[in-house]
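**Q** work_31.pdb is the file, holding PDB, C-alpha atoms, pLDDT in the B column:
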ATOM      1  CA  MET A 628     -82.944  30.487  54.275  1.00 52.00           C
ATOM      2  CA  ALA A 629     -83.521  29.674  50.597  1.00 59.00           C
ATOM      3  CA  ALA A 630     -85.452  26.525  49.748  1.00 61.00           C
ATOM      4  CA  HIS A 631     -83.855  23.945  47.478  1.00 67.00           C
ATOM      5  CA  ILE A 632     -85.842  23.649  44.223  1.00 67.00           C
ATOM      6  CA  VAL A 633     -85.658  20.327  42.422  1.00 72.00           C
ATOM      7  CA  HIS A 634     -85.006  20.708  38.672  1.00 70.00           C
ATOM      8  CA  ASP A 635     -88.051  18.619  37.678  1.00 73.00           C
ATOM      9  CA  TYR A 636     -90.357  20.726  39.850  1.00 76.00           C
ATOM     10  CA  PHE A 637     -88.872  23.949  38.532  1.00 79.00           C
ATOM     11  CA  GLY A 638     -89.254  22.839  34.915  1.00 73.00           C
ATOM     12  CA  SER A 639     -92.744  21.399  35.198  1.00 74.00           C
ATOM     13  CA  GLN A 640     -94.244  23.947  37.562  1.00 80.00           C
ATOM     14  CA  ILE A 641     -92.456  27.259  37.887  1.00 86.00           C
ATOM     15  CA  PHE A 642     -90.837  27.633  34.463  1.00 87.00           C
ATOM     16  CA  LYS A 643     -93.774  26.329  32.421  1.00 88.00           C
ATOM     17  CA  GLN A 644     -96.124  28.705  34.244  1.00 89.00           C
ATOM     18  CA  ALA A 645     -93.804  31.628  33.500  1.00 91.00           C
ATOM     19  CA  VAL A 646     -93.601  30.610  29.822  1.00 91.00           C
ATOM     20  CA  LYS A 647     -97.381  30.484  29.599  1.00 92.00           C
ATOM     21  CA  LYS A 648     -97.776  33.844  31.368  1.00 93.00           C
ATOM     22  CA  ALA A 649     -95.237  35.423  28.994  1.00 93.00           C
ATOM     23  CA  GLY A 650     -97.204  34.136  26.006  1.00 94.00           C
ATOM     24  CA  LEU A 651     -94.295  32.069  24.697  1.00 90.00           C
ATOM     25  CA  PRO A 652     -94.700  28.720  22.937  1.00 92.00           C
ATOM     26  CA  ASP A 653     -95.150  25.758  25.290  1.00 88.00           C
ATOM     27  CA  SER A 654     -92.096  24.129  23.723  1.00 90.00           C
ATOM     28  CA  ILE A 655     -89.666  26.717  25.212  1.00 90.00           C
ATOM     29  CA  THR A 656     -87.174  25.180  27.653  1.00 87.00           C
ATOM     30  CA  THR A 657     -84.590  26.539  30.040  1.00 85.00           C
ATOM     31  CA  HIS A 658     -81.968  25.271  27.584  1.00 88.00           C
ATOM     32  CA  ASP A 659     -83.556  27.424  24.859  1.00 90.00           C
ATOM     33  CA  LEU A 660     -83.140  30.492  27.068  1.00 88.00           C
ATOM     34  CA  ARG A 661     -79.519  29.556  27.795  1.00 90.00           C
ATOM     35  CA  HIS A 662     -78.833  29.177  24.068  1.00 91.00           C
ATOM     36  CA  HIS A 663     -80.518  32.512  23.330  1.00 91.00           C
ATOM     37  CA  PHE A 664     -78.496  34.229  26.067  1.00 92.00           C
ATOM     38  CA  ALA A 665     -75.206  32.944  24.635  1.00 92.00           C
ATOM     39  CA  SER A 666     -76.213  33.861  21.084  1.00 91.00           C
ATOM     40  CA  GLU A 667     -77.180  37.397  22.091  1.00 90.00           C
ATOM     41  CA  LEU A 668     -73.905  37.921  23.936  1.00 91.00           C
ATOM     42  CA  LEU A 669     -71.924  36.831  20.881  1.00 88.00           C
ATOM     43  CA  HIS A 670     -74.029  38.972  18.534  1.00 86.00           C
ATOM     44  CA  ALA A 671     -73.339  41.927  20.829  1.00 86.00           C
ATOM     45  CA  GLY A 672     -69.620  41.326  20.378  1.00 85.00           C
ATOM     46  CA  GLU A 673     -68.816  39.642  23.685  1.00 88.00           C
ATOM     47  CA  SER A 674     -65.758  37.399  23.571  1.00 88.00           C
ATOM     48  CA  VAL A 675     -66.044  33.626  23.384  1.00 89.00           C
ATOM     49  CA  VAL A 676     -64.073  33.383  26.615  1.00 91.00           C
ATOM     50  CA  VAL A 677     -66.511  35.603  28.522  1.00 93.00           C
ATOM     51  CA  VAL A 678     -69.539  33.750  27.114  1.00 93.00           C
ATOM     52  CA  SER A 679     -67.931  30.477  28.137  1.00 93.00           C
ATOM     53  CA  GLU A 680     -67.457  31.777  31.673  1.00 94.00           C
ATOM     54  CA  ARG A 681     -71.063  33.012  31.861  1.00 94.00           C
ATOM     55  CA  LEU A 682     -72.305  29.570  30.790  1.00 93.00           C
ATOM     56  CA  GLY A 683     -70.101  27.852  33.361  1.00 93.00           C
ATOM     57  CA  HIS A 684     -67.904  25.973  30.888  1.00 90.00           C
ATOM     58  CA  ASN A 685     -64.358  24.997  31.824  1.00 90.00           C
ATOM     59  CA  ASN A 686     -63.017  26.342  28.542  1.00 87.00           C
ATOM     60  CA  ALA A 687     -64.173  28.164  25.419  1.00 89.00           C
ATOM     61  CA  THR A 688     -63.979  25.101  23.147  1.00 88.00           C
ATOM     62  CA  THR A 689     -67.602  24.128  23.762  1.00 88.00           C
ATOM     63  CA  VAL A 690     -68.812  27.634  22.940  1.00 89.00           C
ATOM     64  CA  LEU A 691     -66.754  27.649  19.737  1.00 87.00           C
ATOM     65  CA  LYS A 692     -68.147  24.260  18.704  1.00 87.00           C
ATOM     66  CA  VAL A 693     -71.776  25.231  19.329  1.00 86.00           C
ATOM     67  CA  TYR A 694     -71.725  28.937  18.457  1.00 84.00           C
ATOM     68  CA  GLY A 695     -68.710  29.245  16.161  1.00 80.00           C
ATOM     69  CA  HIS A 696     -70.922  30.155  13.230  1.00 78.00           C
ATOM     70  CA  LEU A 697     -71.979  33.292  15.117  1.00 78.00           C
ATOM     71  CA  VAL A 698     -68.394  34.364  15.668  1.00 74.00           C
ATOM     72  CA  ALA A 699     -67.656  34.060  11.952  1.00 61.00           C
ATOM     73  CA  ASN A 700     -69.467  37.343  11.262  1.00 57.00           C
ATOM     74  CA  GLN A 701     -66.768  39.346  13.037  1.00 57.00           C
ATOM     75  CA  ASP A 702     -65.198  40.259   9.675  1.00 58.00           C
ATOM     76  CA  ASP A 703     -68.469  41.877   8.607  1.00 57.00           C
ATOM     77  CA  ARG A 704     -68.648  43.905  11.810  1.00 53.00           C
ATOM     78  CA  THR A 705     -65.044  45.044  11.404  1.00 54.00           C
ATOM     79  CA  ARG A 706     -65.692  46.002   7.785  1.00 56.00           C
ATOM     80  CA  LEU A 707     -68.736  48.068   8.801  1.00 53.00           C
ATOM     81  CA  TRP A 708     -66.691  49.809  11.469  1.00 51.00           C
ATOM     82  CA  ASP A 709     -64.003  50.644   8.929  1.00 53.00           C
ATOM     83  CA  GLN A 710     -66.612  51.974   6.460  1.00 54.00           C
ATOM     84  CA  LYS A 711     -67.856  54.407   9.099  1.00 55.00           C
ATOM     85  CA  GLY A 712     -64.398  55.973   9.112  1.00 54.00           C
ATOM     86  CA  THR A 713     -63.720  55.075  12.711  1.00 50.00           C
ATOM     87  CA  ASP A 714     -60.281  56.158  13.832  1.00 53.00           C
ATOM     88  CA  LEU A 715     -58.495  52.977  14.864  1.00 50.00           C
ATOM     89  CA  ARG A 716     -55.309  53.490  16.801  1.00 49.00           C
ATOM     90  CA  VAL A 717     -52.684  50.994  17.833  1.00 45.00           C
ATOM     91  CA  VAL A 718     -51.899  51.279  21.508  1.00 47.00           C
ATOM     92  CA  GLU A 719     -48.326  50.369  22.325  1.00 50.00           C
ATOM     93  CA  HIS A 720     -47.581  48.755  25.661  1.00 44.00           C
TER      94      HIS A 720
END
Here is the file; what I need is its structure written in the form of structure tokens.
**A**
Amino acid sequence: MAAHIVHDYFGSQIFKQAVKKAGLPDSITTHDLRHHFASELLHAGESVVVVSERLGHNNATTVLKVYGHLVANQDDRTRLWDQKGTDLRVVEH
């Protein structure tokens, strides 16, 4: 049976020890890791809807408000894809 870990204990004991052991700055928080996770997913091209689901949000609006600036680079990625000569095909349903 899994033990219930109180957030304060986790943050002050378990997480801080892991941060120290990893050689990260003492100022790193669990929220920082959450933000990094979402940012990396968006940079990798994951959809805003999927990122929203992974973060446990009810809808994608919050992700767009916080991370919308990361989604804006999609035009650059598309342009790079086109420059590589990738064969884009329209699939009809």
**Q** Of the residues A:Ile641, A:Leu651, A:Val633, A:Val678, which is the one nearest to Ser666 (chain A), using all atoms listed in the file?
**A** A:Val678
**Q** Just to confirm, what's the straight-line distance from CA of Leu669 (chain A) to CA of His634 (chain A) in Å (one decimal)?
**A**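 Between CA of Leu669 (chain A) and CA of His634 (chain A) the gap is 27.3 Å.
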**Q** Tell me which of A:Ala671, A:Val646, A:Tyr636, A:Val698 sits closest to Asp659 (chain A), counting only C-alpha atoms.
**A** A:Val646
**Q** Can you pull out the residues contacting Val677 (chain A)? Cut-off 12 Å, using all atoms listed in the file, and skip same-chain residues under 5 positions away; I want them as a PyMOL selection string.
**A** chain A and resi 665+668-669+672+682-687+690-691
